[in-house]
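Chemist: This structure is in structure tokens; I'll ask about it shortly.
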Amino acid sequence: MKQITIISGKGGTGKTVVTAAFAVLARNACFVDCDVDAADLHLLLKPEIQKTHEFKSGVTARIDKELCTDCGMCIEACRFNAVDENYCIDSLQCEGCAVCSHVCNVEAIQMKENISGEWYISRTRYGPMVHAKLGIAEENSGKLVSRIRQAASEIAQKRQLNSVIVDGPPGIGCPVIASLSGVDIALIVTEPTLSGIHDMERVADVAAHFSVPTCVVINKYDINVENSDAIEGLCKERHIQVLARLPFSEDVVKSVVRGIPIVEYSKDGITPQIVELWNNVAAMMQ
């Protein structure tokens with residue numbers, strides 16, 4: 001079983017469009033949407049949720065009013081002002097440091113695990129999919145990414161699937177690192193803009209730090225051919241292979257609006273190039 005993560009360094013480069021196309025073409029794979037803060041792969045793959053799991057992360061203080069003696073020690077000890085004068089915990093202020101529970105002489109304060117989101121095992125027309133939704137303002141997105149990647153690997157092994165295709169989150173933070181850990185290939189989808197070039201270099205540095213073999217796709221290359229040439233030059237300096245230059249396509253826009261992967265929406269235009277791209281990626285994963 002091989003694993004590939006499609007990353008971008010920034011949003012809006014077409015990463016999820018490429019991932020959804022790969023999901024259609026792979027035929028024997030499991031898919032993971034690791035953008036747990038703002039998932040969108042489901043918009044194209046239309047998953048049917050089979051199982052829902054709670055994601056628990058971090059702790060928040062809880063005060064047992066029957067045991068509490070109103071001594072005020074917890075109010076004085078809390079540097080985050082999470083305990084009010086009525087000895088109620090403000091869950092948005094509480095950082096889970098547990099100092100209040102240690103200073104309470106009657107053990108009226110307990111630290112309770114938070115439910116920070118949900119993750120799902122779903123069925124699609126193209127294969128199993130694992131995805132998640134992190135709660136608003138919740139932390140530990142990297143931990144949630146690791147959990148759903150583990151679940152996808154277990155599903156792939158159990159069903160003897162050939163590959164796991166990971167739609168990575170944008171940026172270079174913890175969830176990106178968690179989506180890159182242990183994969184066989186990182187495919188960077190970039191665009192010929194100044195921000196696209198800058199963020200491509202940053203995420204390429206992250207992949208290199210973890211010794212993940214990396215290749216690049218330049219999407220919408222024809223909106224600025226000069227910048228596309230600059231990207232090729234940077235990749236050559238870094239010994240990173242550019243697998244494809246994909247042109248801007250109105251069919252892609254129309255397919256996204258209709259919620260259909262581009263390789264199913266149209267058999268002409270950009271589709272043959274995406275099929276060729278997938279064949280090259282599949283060959284690299286042999």
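Naming works like this for the structure tokens: A, B, ... for the chains as they're shown, residue 1 at the start of each chain, ligands 1 onward in shown order.
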Could you go through range 16-216 of chain A and tell me which residues DSSP, when run on the backbone, assigns to strand (DSSP E or B), listing them as a VMD selection string?

Modeler: chain A and resid 29 to 33 48 to 63 83 89 109 to 123 128 to 134 163 to 167 185 to 190 214 to 216

Chemist: Show which residues sit within 10 Å of Asn86 in chain A, as a PyMOL selection string. Count only C-alpha atoms, and ignore same-chain residues fewer than 5 positions away.

Modeler: chain A and resi 65+70+72+75

Chemist: Store the residues of this selection in a file with C-alpha atoms, as a compact mmCIF listing (two decimals), in the first residue's frame.

Modeler:
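Writing done, so here's result.txt:
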```txt
# COMPACT_ATOMS: atom_id res chain seq x y z
CA LYS A 65 -20.98 22.69 43.41
CA ASP A 70 -16.42 28.79 48.00
CA GLY A 72 -11.76 31.30 46.40
CA ILE A 75 -10.18 32.09 41.44
```

Chemist: Which neighbours of Val145 in chain A fall inside 10 Å, counting only C-alpha atoms, when residues of the same chain fewer than 2 positions from it are skipped, and could you give them as an NGL selection string?

Modeler: :A and (32-36 or 119 or 131-132 or 134 or 140-143 or 147-151 or 168-169 or 174-179)

Chemist: Tell me which protein, DNA and RNA residues are within 7 Å of range 108-113 of chain A, counting only C-alpha atoms, leaving out same-chain ones fewer than 4 positions away, and put them as a ChimeraX atom specification.

Modeler: /A:56-64,67-68,98,101,104

Chemist: Measuring atom to atom with only C-alpha atoms, identify which of A:Thr13, A:Ser91, A:Ser195, A:Ser181 is nearest to Ala137 in chain A.

Modeler: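 Among the listed residues, the smallest separation from Ala137 in chain A belongs to A:Ser91.
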
Chemist: Could you list, as a list in words, every residue within 9 Å of Gly182 in chain A, counting only C-alpha atoms and ignoring same-chain residues fewer than 4 positions away?

Modeler: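 The neighbour list is Gln3, Ala178, Phe210 and Val212 of chain A.
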
Chemist: Write the residues of the selection above to a file with N, CA and C atoms, as a short mmCIF file (atom, residue, chain, number, x, y, z; two decimals), in the first residue's frame.

Modeler:
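To be explicit, this is the file written out as again_4.cif:
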```cif
data_model
loop_
_atom_site.label_atom_id
_atom_site.label_comp_id
_atom_site.auth_asym_id
_atom_site.auth_seq_id
_atom_site.Cartn_x
_atom_site.Cartn_y
_atom_site.Cartn_z
N GLN A 3 1.11 5.63 -0.14
CA GLN A 3 0.36 6.81 0.25
C GLN A 3 0.91 8.05 -0.43
N ALA A 178 1.31 16.60 9.89
CA ALA A 178 0.64 15.33 10.18
C ALA A 178 0.19 14.63 8.89
N PHE A 210 11.30 16.39 6.23
CA PHE A 210 10.86 15.04 6.64
C PHE A 210 11.23 13.98 5.61
N VAL A 212 10.50 13.52 2.51
CA VAL A 212 9.41 12.99 1.69
C VAL A 212 9.69 13.32 0.23
#
```

Chemist: Record the distance separating CA of Leu44 in chain A and CA of Tyr265 in chain A, expressed in Å with one decimal.

Modeler: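 Straight-line distance from CA of Leu44 in chain A to CA of Tyr265 in chain A works out to 11.0 Å.
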
Chemist: Between A:Ala208, A:Val257, A:Ile165, A:Val242, which residue has the minimum interatomic distance to Tyr126 in chain A, considering only C-alpha atoms?

Modeler: A:Ile165

Chemist: Would you pick out the contacts of Asp222 in chain A at 12 Å or less, using only C-alpha atoms, so that residues sharing its chain but fewer than 5 positions from it are not included, and give the list as a ChimeraX atom specification?

Modeler: /A:191-193,227-229,245-249

Chemist: Generate the output file for the selected residues, N, CA and C atoms, as an mmCIF file, in the first residue's frame.

Modeler:
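Saved as out_8.cif:
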```
data_model
loop_
_atom_site.group_PDB
_atom_site.id
_atom_site.type_symbol
_atom_site.label_atom_id
_atom_site.label_comp_id
_atom_site.auth_asym_id
_atom_site.auth_seq_id
_atom_site.Cartn_x
_atom_site.Cartn_y
_atom_site.Cartn_z
ATOM 1 N N GLU A 191 0.513 27.464 -8.301
ATOM 2 C CA GLU A 191 0.015 28.324 -9.364
ATOM 3 C C GLU A 191 1.039 29.421 -9.628
ATOM 4 N N PRO A 192 1.056 29.987 -10.832
ATOM 5 C CA PRO A 192 2.098 30.955 -11.182
ATOM 6 C C PRO A 192 1.801 32.377 -10.697
ATOM 7 N N THR A 193 1.618 32.509 -9.390
ATOM 8 C CA THR A 193 1.475 33.809 -8.754
ATOM 9 C C THR A 193 2.607 33.963 -7.752
ATOM 10 N N ASN A 227 6.065 33.375 -14.797
ATOM 11 C CA ASN A 227 6.149 32.824 -13.445
ATOM 12 C C ASN A 227 6.190 31.301 -13.462
ATOM 13 N N SER A 228 5.501 30.698 -14.419
ATOM 14 C CA SER A 228 5.556 29.234 -14.539
ATOM 15 C C SER A 228 6.970 28.775 -14.870
ATOM 16 N N ASP A 229 7.640 29.521 -15.737
ATOM 17 C CA ASP A 229 9.038 29.201 -16.049
ATOM 18 C C ASP A 229 9.920 29.370 -14.815
ATOM 19 N N ARG A 245 2.195 20.700 -16.483
ATOM 20 C CA ARG A 245 1.727 22.075 -16.558
ATOM 21 C C ARG A 245 0.281 22.015 -17.025
ATOM 22 N N LEU A 246 -0.632 22.328 -16.144
ATOM 23 C CA LEU A 246 -2.050 22.254 -16.492
ATOM 24 C C LEU A 246 -2.566 23.653 -16.834
ATOM 25 N N PRO A 247 -3.239 23.809 -17.969
ATOM 26 C CA PRO A 247 -3.750 25.127 -18.348
ATOM 27 C C PRO A 247 -5.008 25.491 -17.569
ATOM 28 N N PHE A 248 -5.332 26.774 -17.562
ATOM 29 C CA PHE A 248 -6.614 27.204 -17.001
ATOM 30 C C PHE A 248 -7.737 26.605 -17.838
ATOM 31 N N SER A 249 -8.783 26.143 -17.182
ATOM 32 C CA SER A 249 -9.882 25.494 -17.891
ATOM 33 C C SER A 249 -11.214 25.928 -17.300
#
```

Chemist: Report, in Å with one decimal, the straight-line distance from CA of Thr19 in chain A to CA of Ser122 in chain A.

Modeler: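 Going from CA of Thr19 in chain A over to CA of Ser122 in chain A covers 16.5 Å.
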
Chemist: Counting only C-alpha atoms, which residue out of A:Ile49, A:Ala282, A:Met73, A:Leu187 sits closest to Met1 in chain A?

Modeler: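 Smallest distance to Met1 in chain A is found for A:Ala282.
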
Chemist: What is the distance between CA of Glu54 in chain A and CA of Ser116 in chain A, in Å to one decimal?

Modeler: 7.8 Å

Chemist: When you count only C-alpha atoms, which of these residues is closest to Asp205 in chain A: A:Gly9, A:Gly14, A:Thr190, A:Val225?

Modeler: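 That would be A:Gly9, the residue with the smallest distance to Asp205 in chain A.
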
Chemist: Please, which residues of range 49-139 of chain A, numbered as in this document, come out helix (DSSP H, G or I) from DSSP, as a list in words?

Modeler: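 Checking each residue of range 49-139 of chain A, the helix (DSSP H, G or I) ones are Met73, Cys74, Ile75, Glu76, Ala77, Val99, Cys100, Ser101, His102 and Val103 of chain A.
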